[in-house]
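K.L.:
Before anything else, here's the structure in question.
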Amino acid sequence: MPVDVAAEVVANRLLSADYNVLTLTAPAIAATAAPGQFVMIKAATGLDPLLRRPFSVFEMLRDSSGTATAITILSKRIGPATASIYDARPGQRMACLGPLGRPFTIVEPPADAWMIAGGVGLAPFATLAQALQARRVRTTLFYGARRAAELFYLDFFRALGVELVISTEDGSAGERGRVVSPLERALASRAASSPVMLYACGPERMLAATAHTAMKHQRPCQVSVERIMGCGLGGCYSCVVPMRGDDGRFYHVRSCLAGPVLAADEILWES
Ligand SMILES: Cc1cc2nc3c(=O)[nH]c(=O)nc-3n(C[C@H](O)[C@H](O)[C@H](O)COP(=O)(O)OP(=O)(O)OC[C@H]3O[C@@H](n4cnc5c(N)ncnc54)[C@H](O)[C@@H]3O)c2cc1C
Ligand code: FES
């Protein structure tokens, strides 16, 4: 069950001029959230922004006795809510509702897991990587960003034993270009008999390209879609995603309820 808490900001770690990681005391959310779930946060007390905004649960923190204490969110500043989150100060409180939505399905060995992240789409993969490591699933992170300075938490993933495949648009780290290129090559060279599950989160065009690549190579793929979300609870229909049914008919789902994690081959992609 989601809970709505007045979460206290206990830390705000600025990662770059636009990215930060905010730590919020939310023990009930930290105790129950699953990888891929999100929270709806009211970032400021005034009228701007009026509505809460959705954020993936980035980390679930525990104290030395193992008790869940807090969550973190990885935020990229793009407008008023994310600007308030970037400027947040310890002691401030933010209404935080969650955990919400459907999480990723976590595979078991012998399947491998390949996570594909674009930019702030890294956010759901810290908890997913931990869950996969707990099941001893061999995990790779294909991580794309605009430039080297926008790649974060690499050591965190390395420490979990995750193999990293890096790409940047300007070539300042890893391969120059889009993250889907090394993914395509890796899929093409993988034996059909070796199972692998793809998990993707990032900009819509990256998700569409990943979905098409996964379908071409007949690999299962779950994507975490990013829609504008007015409520996060199924009431406003701002978050609908067009889907294709087994019978070929089209229908819409509210991604805050049916998602944000959806099967890539069931989405009706525009490109
Ligand atoms: C399930 C889910 C999880 C998310 N997790 C994260 C996260 O972990 N970290 C993070 O930084 N962001 C995340 N987002 C995106 C985040 O919710 C938006 O960046 C935020 O709502 C922007 O609010 P704002 O007031 O700063 O900017 P706004 O003024 O609301 O938006 C600025 C511009 O971005 C566009 N926009 C807003 N929201 C989205 C969206 N969801 N997709 C595409 N364009 C959008 C707006 O149309 C506008 O043009 C997530 C979104 C969803 C749906
Ligand atoms: S965000 Fe309101 S229905 Fe999905």
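Going through the structure tokens in order, the chains are called A, B, and so on, while each chain numbers its residues from 1 and the ligands are numbered from 1 in the order shown.
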Would you write out, as a tab-separated table, a table of all residues in chain A that have an atom no more than 12 Å from an atom of ligand 2, listing for each the closest atom pair and the distance in Å to one decimal, considering only C-alpha atoms and all ligand atoms and ordering rows by chain and rising residue number?
P.N.:
residue	atom	partner	partner_atom_place_in_ligand_line	distance
A:Phe38	CA	ligand 2	1 (S)	11.5
A:Val39	CA	ligand 2	1 (S)	11.3
A:Met40	CA	ligand 2	1 (S)	9.4
A:Leu51	CA	ligand 2	1 (S)	10.6
A:Arg52	CA	ligand 2	1 (S)	9.8
A:Arg53	CA	ligand 2	1 (S)	9.3
A:Pro54	CA	ligand 2	1 (S)	8.6
A:Leu100	CA	ligand 2	1 (S)	10.5
A:Gly101	CA	ligand 2	4 (Fe)	9.5
A:Val225	CA	ligand 2	4 (Fe)	11.8
A:Glu226	CA	ligand 2	1 (S)	10.6
A:Arg227	CA	ligand 2	1 (S)	8.1
A:Ile228	CA	ligand 2	1 (S)	7.0
A:Met229	CA	ligand 2	1 (S)	3.7
A:Gly230	CA	ligand 2	1 (S)	4.5
A:Cys231	CA	ligand 2	2 (Fe)	4.0
A:Gly232	CA	ligand 2	1 (S)	3.8
A:Leu233	CA	ligand 2	2 (Fe)	5.5
A:Gly234	CA	ligand 2	3 (S)	3.4
A:Gly235	CA	ligand 2	3 (S)	4.4
A:Cys236	CA	ligand 2	2 (Fe)	3.8
A:Tyr237	CA	ligand 2	3 (S)	3.8
A:Ser238	CA	ligand 2	2 (Fe)	5.3
A:Cys239	CA	ligand 2	4 (Fe)	4.5
A:Val240	CA	ligand 2	4 (Fe)	6.8
A:Val241	CA	ligand 2	4 (Fe)	9.8
A:His252	CA	ligand 2	4 (Fe)	11.4
A:Val253	CA	ligand 2	4 (Fe)	8.8
A:Arg254	CA	ligand 2	4 (Fe)	5.0
A:Ser255	CA	ligand 2	4 (Fe)	5.8
A:Cys256	CA	ligand 2	4 (Fe)	4.4
A:Leu257	CA	ligand 2	4 (Fe)	6.6
A:Ala258	CA	ligand 2	4 (Fe)	9.1
A:Gly259	CA	ligand 2	4 (Fe)	9.2
A:Pro260	CA	ligand 2	4 (Fe)	9.5
K.L.:
From a DSSP pass on the backbone, collect the residues of region 1-234 of chain A flagged as strand (DSSP E or B) and hand them back as a PyMOL selection string.
P.N.:
chain A and resi 3-14+19-25+38-42+53-56+59-62+68-76+93-100+102+112-118+139-145+163-168+175-176+196-201+221-224
K.L.:
Which polymer residues have any atom within 12 Å of an atom of Ile106 (chain A), counting only C-alpha atoms, with same-chain residues fewer than 5 positions away left out, as number ranges by chain?
P.N.:
A: 34-36, 111-115, 125, 127-137, 139, 196-199, 221-222, 261
K.L.:
Distance CA of Ser75 (chain A)-CA of Ile116 (chain A), one decimal place?
P.N.:
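Straight-line distance from CA of Ser75 (chain A) to CA of Ile116 (chain A) works out to 17.9 Å.
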K.L.:
Quick check, in Å to one decimal: how far apart do CA of Arg205 (chain A) and CA of Val180 (chain A) lie?
P.N.:
10.5 Å
